[in-house]
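Only one structure is covered here, and it is reproduced in the block below.
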Amino acid sequence: MDALSGVADDELLARMPALVQAERARTRDVIEHLIAIDQRRLYLDQACSSLTCYCIERLGYSEDEAAKRVTAARMARRFPGLLDELGAGGLHLTGLCLLAQYLTGENYEVLVGQARGQSKRRIQQLVAAHFPRPDLPSLVSPVPEQLGALPLMTAGAETGGTQAIRSGTDHVSAHGPAPNQPGRLEPRSAKRWSVQFTASAELYEKIQRAGELLSHAIRSGDLATLFERALDELIAKETKRRLGAQKPRRHRPLSPGSRHVPVEVARHVWERDGGQCTFVDKEGRRCSARRFLTIEHRHPFALGGPATTDNACLLCQAHNAQAARRVFGDAHVEARIRERRPVGQQKRDPSDTHDTARAALCNLGFSKREVERTLAELVQTDVATEVEPLLRAALRLLVPEVPLGRAG
Ligand SMILES: [Zn+2]
C-alpha cells in the first residue's frame with residue numbers, strides 16, 4: 001500500500017474503472033482457457049480427476065472460487081455469449097452461477113437481459129420470480145451443541161434425523177447455515193421468502209410462550225404468522241419511539257448545552273429525509289444506507305450547532321464518522337468509536353480531550369496561542385473532561401458574540 005500513499009484521492013478513484021475492466025477481461029480469459037482445458041481433459045495429466053480438482057489443487061482457487069469458474073466455463077461452452085457478458089461486466093460470476101441451472105436456448109435473451117448489471121440479491125429475486133419454489137415447511141429443530149450453535153429454530157427437511165416440530169405450511173427455514181452466521185433471507189418465488197436463523201435457548205422459550213399466549217388467535221400455530229404479529233408490534237413501537245406520537249407534546253425547554261434532539265425535530269427530520277442517509281456526492285448520487293442511521297447536526301453540536309430541524313439531518317454511521325473526522329480529526333473519532341463499544345467503561349484520558357479540542361479549534365482557524373491560552377483557562381473546570389463541553393466553553397471565550405447551543 002506504500003506505493004499508493006503518494007497517489008491523490010481523485011487519481012485513485014480515476015484508476016479504478018480501468019482496473020476493473022482489466023480484471024473482467026482477465027476473468028473472461030481464465031474462463032475461456034478453462035473451457036479448452038476441460039474439452040481436452042488436460043486436468044487428467046495434471047493428476048486431477050476433474051476440472052474443479054485442477055482449479056483447487058493446481059491453480060490454488062478456493063472451493064467457492066473454483067466452483068464458480070467451472071460452472072461459468074460449462075455454461076459459456078453452451079452459451080458463448082456469456083463470455084462477452086463476463087468480459088464487459090454485464091454479468092458477474094456469481095450472477096452467472098445463479099442463472100446457470102435455469103438457462104435454456106429459449107429463455108436466454110430474457111433472463112440474461114434482465115440480469116444484466118444487477119446485484120446478486122436482484123438476480124436471486126429474478127430467478128425466484130421466474131422459477132418459483134414451493135414454500136418450506138415451518139419447523140423448529142435442535143442442532144447439536146458441539147457445532148458451536150445453540151438450539152436451532154430452522155433447518156429444512158435436509159436435517160433428516162432431528163426431531164422436528166412442524167407447524168403449518170409456512171416456514172422459518174431453508175438449508176442449514178454454518179453456526180454463528182447472521183441468518184438468511186432467501187426469495188423462493190416472486191412473493192415468498194424463506195427465513196432462517198439459529199435461536200438461543202431463551203429465544204426458543206419465548207417463541208413457545210408467545211405461541212401459547214396467541215394460541216386462540218393463531219390456531220394453526222404457524223410460525224410465520226406468529227413472527228409477523230410480533231414484528232408488527234415491534235415496528236409500531238419503534239416507529240412511535242423515533243417519530244414520536246403524532247400528537248404534539250408539551251414543549252420542554254432544553255437546558256443550554258443539552259445535545260438532546262427534541263422528539264418533534266427527530267420526527268420532522270426522519271420524515272423529511274425519508275429514513276435514508278442524506279449524504280450526496282459530487283455527482284449528486286445519494287447514499288442508499290437505511291440502517292444504523294443517526295440524526296446529526298449539520299453544523300456540529302460541539303461547535304454550537306443547534307438541535308433544530310434545519311440544522312439536523314439523517315446520516316449513516318460511516319458518513320457521520322466522515323463528517324466528524326473532518327472537524328475533529330481521526331484520533332478523536334477512533335476514540336469515540338472505541339468508547340461506544342459495549343464492554344468496559346473506558347474513561348477518556350484528559351490529555352486526549354485537551355489534544356482533540358486543541359486540534360479542532362486550530363482546524364477552525366484560531367491561532368495556536370489563543371487556543372492554548374483559552375484551554376489553559378478551562379483546564380481546572382468541570383467542562384475539561386469531555387471534548388464537546390470543553391469545545392463549547394472554549395468557543396464562548398474565543399467568539400463571545402456567537403450565540404451558542406440553545407435549541408428550539
Ligand atoms: Zn451514508
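Each chain in the C-alpha cells gets a letter, A, B and so on, in the order shown; residues start at 1 in every chain, and ligands are counted from 1 in the order they appear.
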
Which region 49-99 of chain A residues have any atom within 8 Å of an atom of region 32-42 of chain A, and for each, what is the nearest pair of atoms with distance in Å to one decimal, counting only C-alpha atoms, rows sorted by chain and number, as a Markdown table?
| residue | atom | partner | partner_atom | distance |
| --- | --- | --- | --- | --- |
| A:Leu51 | CA | A:Asp38 | CA | 6.3 |
| A:Val70 | CA | A:Leu34 | CA | 7.4 |
| A:Ala73 | CA | A:Ile35 | CA | 5.3 |
| A:Arg74 | CA | A:Ile35 | CA | 6.9 |
| A:Ala76 | CA | A:Ile35 | CA | 7.9 |
| A:Arg77 | CA | A:Ile35 | CA | 6.6 |
| A:Leu83 | CA | A:Glu32 | CA | 7.5 |

6 Å contact set for Ser189 (chain A), only C-alpha atoms, chain neighbours under 2 positions out, as a PyMOL selection string: chain A and resi 128-129+132-133+187+191-192

Writing out the chosen residues with C-alpha atoms as a short mmCIF file (atom, residue, chain, number, x, y, z; two decimals), in the first residue's frame:
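Below is the file that was written, part-v7.cif:
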data_model
loop_
_atom_site.label_atom_id
_atom_site.label_comp_id
_atom_site.auth_asym_id
_atom_site.auth_seq_id
_atom_site.Cartn_x
_atom_site.Cartn_y
_atom_site.Cartn_z
CA ALA A 128 -37.36 -16.74 -7.77
CA ALA A 129 -39.96 -14.82 -9.78
CA PRO A 132 -40.90 -20.15 -8.00
CA ARG A 133 -40.07 -22.86 -5.48
CA PRO A 187 -36.51 -15.44 -2.13
CA LYS A 191 -43.72 -13.03 -3.20
CA ARG A 192 -42.45 -15.69 -0.84
#

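Nearest residue to Thr353 (chain A), choosing from A:Glu386, A:Glu85, A:Glu377, A:Glu11 and counting only C-alpha atoms: A:Glu386.
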
Close residues, Ala359 (chain A) itself excluded, 8 Å, only C-alpha atoms, min 3 positions apart in chain, as a PyMOL selection string: chain A and resi 328-329+355-356+362-363

Requested write-out: C-alpha atoms of the selected residues, as a PDB file, in the first residue's frame:
ATOM      1  CA  PHE A 328     -12.251  16.706  14.944  1.00  0.00           C
ATOM      2  CA  GLY A 329      -9.606  14.607  13.211  1.00  0.00           C
ATOM      3  CA  ASP A 355      -5.430  17.467  22.331  1.00  0.00           C
ATOM      4  CA  THR A 356      -8.650  16.864  20.426  1.00  0.00           C
ATOM      5  CA  CYS A 362      -6.856  25.097  15.240  1.00  0.00           C
ATOM      6  CA  ASN A 363      -8.713  23.461  12.312  1.00  0.00           C
TER       7      ASN A 363
END

Contacts to ligand 1 at 8 Å cut-off (only C-alpha atoms and all ligand atoms) as a list in words: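 Those residues are Gln276, Cys277, Thr278, Phe279, Arg286, Cys287, Ser288, Ala289, Leu315, Cys316, Gln317, Ala318, His319 and Asn320 of chain A.
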
Thr52 (chain A) surroundings by only C-alpha atoms, 9 Å radius, close-in-sequence under 5 positions cut, as a PyMOL selection string: chain A and resi 57+63+66-67+69-70

Proximity to Arg396 (chain A) - best of A:Gly284, A:Gly105, A:Leu98, A:Thr374, only C-alpha atoms: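 Looking only at the distances to Arg396 (chain A), the closest residue turns out to be A:Thr374.
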
Which of region 184-268 of chain A fall in alpha helix (DSSP H), as a PyMOL selection string: chain A and resi 201-213+223-243+263-268

Residues flagged strand (DSSP E) by DSSP in region 221-343 of chain A, as a PyMOL selection string: chain A and resi 293-297+312-316

Within 12 Å of region 224-241 of chain A: each region 260-296 of chain A residue with its shortest pair, only C-alpha atoms, as CSV:
residue,atom,partner,partner_atom,distance
A:Pro262,CA,A:Arg241,CA,11.9
A:Val263,CA,A:Arg241,CA,8.6
A:Glu264,CA,A:Arg241,CA,11.2
A:Ala266,CA,A:Arg241,CA,9.9
A:Arg267,CA,A:Lys240,CA,9.3
A:Trp270,CA,A:Thr239,CA,10.1
A:Glu271,CA,A:Thr239,CA,11.1
A:Gly275,CA,A:Thr239,CA,10.8

Expected file: the selected residues, all heavy atoms, as a PDB file, in the first residue's frame:
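Output saved as result_10.pdb:
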ATOM      1  N   PRO A 262     -34.968  17.288  20.261  1.00  0.00           N
ATOM      2  CA  PRO A 262     -36.375  17.167  20.648  1.00  0.00           C
ATOM      3  C   PRO A 262     -37.110  16.211  19.714  1.00  0.00           C
ATOM      4  O   PRO A 262     -36.792  16.114  18.533  1.00  0.00           O
ATOM      5  CB  PRO A 262     -36.914  18.595  20.488  1.00  0.00           C
ATOM      6  CG  PRO A 262     -35.730  19.471  20.499  1.00  0.00           C
ATOM      7  CD  PRO A 262     -34.596  18.672  19.943  1.00  0.00           C
ATOM      8  N   VAL A 263     -38.110  15.512  20.277  1.00  0.00           N
ATOM      9  CA  VAL A 263     -38.774  14.460  19.520  1.00  0.00           C
ATOM     10  C   VAL A 263     -39.488  15.019  18.286  1.00  0.00           C
ATOM     11  O   VAL A 263     -39.534  14.369  17.242  1.00  0.00           O
ATOM     12  CB  VAL A 263     -39.728  13.675  20.453  1.00  0.00           C
ATOM     13  CG1 VAL A 263     -40.948  14.494  20.818  1.00  0.00           C
ATOM     14  CG2 VAL A 263     -40.139  12.361  19.826  1.00  0.00           C
ATOM     15  N   GLU A 264     -39.983  16.280  18.347  1.00  0.00           N
ATOM     16  CA  GLU A 264     -40.626  16.876  17.172  1.00  0.00           C
ATOM     17  C   GLU A 264     -39.607  17.061  16.052  1.00  0.00           C
ATOM     18  O   GLU A 264     -39.897  16.835  14.888  1.00  0.00           O
ATOM     19  CB  GLU A 264     -41.248  18.245  17.503  1.00  0.00           C
ATOM     20  CG  GLU A 264     -42.393  18.216  18.489  1.00  0.00           C
ATOM     21  CD  GLU A 264     -41.909  18.199  19.931  1.00  0.00           C
ATOM     22  OE1 GLU A 264     -40.685  18.287  20.154  1.00  0.00           O
ATOM     23  OE2 GLU A 264     -42.751  18.069  20.833  1.00  0.00           O
ATOM     24  N   ALA A 266     -36.826  15.314  15.684  1.00  0.00           N
ATOM     25  CA  ALA A 266     -36.480  13.988  15.188  1.00  0.00           C
ATOM     26  C   ALA A 266     -37.522  13.495  14.198  1.00  0.00           C
ATOM     27  O   ALA A 266     -37.190  12.954  13.144  1.00  0.00           O
ATOM     28  CB  ALA A 266     -36.358  13.008  16.350  1.00  0.00           C
ATOM     29  N   ARG A 267     -38.781  13.709  14.521  1.00  0.00           N
ATOM     30  CA  ARG A 267     -39.850  13.231  13.642  1.00  0.00           C
ATOM     31  C   ARG A 267     -39.804  13.943  12.295  1.00  0.00           C
ATOM     32  O   ARG A 267     -39.859  13.312  11.249  1.00  0.00           O
ATOM     33  CB  ARG A 267     -41.211  13.466  14.310  1.00  0.00           C
ATOM     34  CG  ARG A 267     -42.367  12.890  13.522  1.00  0.00           C
ATOM     35  CD  ARG A 267     -43.678  13.086  14.254  1.00  0.00           C
ATOM     36  NE  ARG A 267     -44.105  14.463  14.222  1.00  0.00           N
ATOM     37  CZ  ARG A 267     -44.704  15.092  15.232  1.00  0.00           C
ATOM     38  NH1 ARG A 267     -44.909  14.456  16.369  1.00  0.00           N
ATOM     39  NH2 ARG A 267     -45.066  16.337  15.118  1.00  0.00           N
ATOM     40  N   TRP A 270     -36.746  12.795  10.291  1.00  0.00           N
ATOM     41  CA  TRP A 270     -36.920  11.425   9.796  1.00  0.00           C
ATOM     42  C   TRP A 270     -37.846  11.414   8.589  1.00  0.00           C
ATOM     43  O   TRP A 270     -37.581  10.771   7.578  1.00  0.00           O
ATOM     44  CB  TRP A 270     -37.466  10.539  10.913  1.00  0.00           C
ATOM     45  CG  TRP A 270     -37.257   9.090  10.623  1.00  0.00           C
ATOM     46  CD1 TRP A 270     -38.111   8.264   9.942  1.00  0.00           C
ATOM     47  CD2 TRP A 270     -36.130   8.297  10.964  1.00  0.00           C
ATOM     48  NE1 TRP A 270     -37.580   7.011   9.844  1.00  0.00           N
ATOM     49  CE2 TRP A 270     -36.368   6.996  10.465  1.00  0.00           C
ATOM     50  CE3 TRP A 270     -34.937   8.559  11.640  1.00  0.00           C
ATOM     51  CZ2 TRP A 270     -35.454   5.964  10.632  1.00  0.00           C
ATOM     52  CZ3 TRP A 270     -34.033   7.509  11.800  1.00  0.00           C
ATOM     53  CH2 TRP A 270     -34.291   6.248  11.295  1.00  0.00           C
ATOM     54  N   GLU A 271     -38.945  12.171   8.686  1.00  0.00           N
ATOM     55  CA  GLU A 271     -39.913  12.199   7.576  1.00  0.00           C
ATOM     56  C   GLU A 271     -39.330  12.929   6.369  1.00  0.00           C
ATOM     57  O   GLU A 271     -39.418  12.457   5.243  1.00  0.00           O
ATOM     58  CB  GLU A 271     -41.211  12.877   8.036  1.00  0.00           C
ATOM     59  CG  GLU A 271     -42.084  11.907   8.819  1.00  0.00           C
ATOM     60  CD  GLU A 271     -43.261  12.579   9.509  1.00  0.00           C
ATOM     61  OE1 GLU A 271     -43.394  13.829   9.404  1.00  0.00           O
ATOM     62  OE2 GLU A 271     -44.013  11.851  10.154  1.00  0.00           O
ATOM     63  N   GLY A 275     -36.049   8.486   5.956  1.00  0.00           N
ATOM     64  CA  GLY A 275     -35.421   7.321   6.591  1.00  0.00           C
ATOM     65  C   GLY A 275     -34.197   6.828   5.836  1.00  0.00           C
ATOM     66  O   GLY A 275     -33.905   5.627   5.837  1.00  0.00           O
TER      67      GLY A 275
END
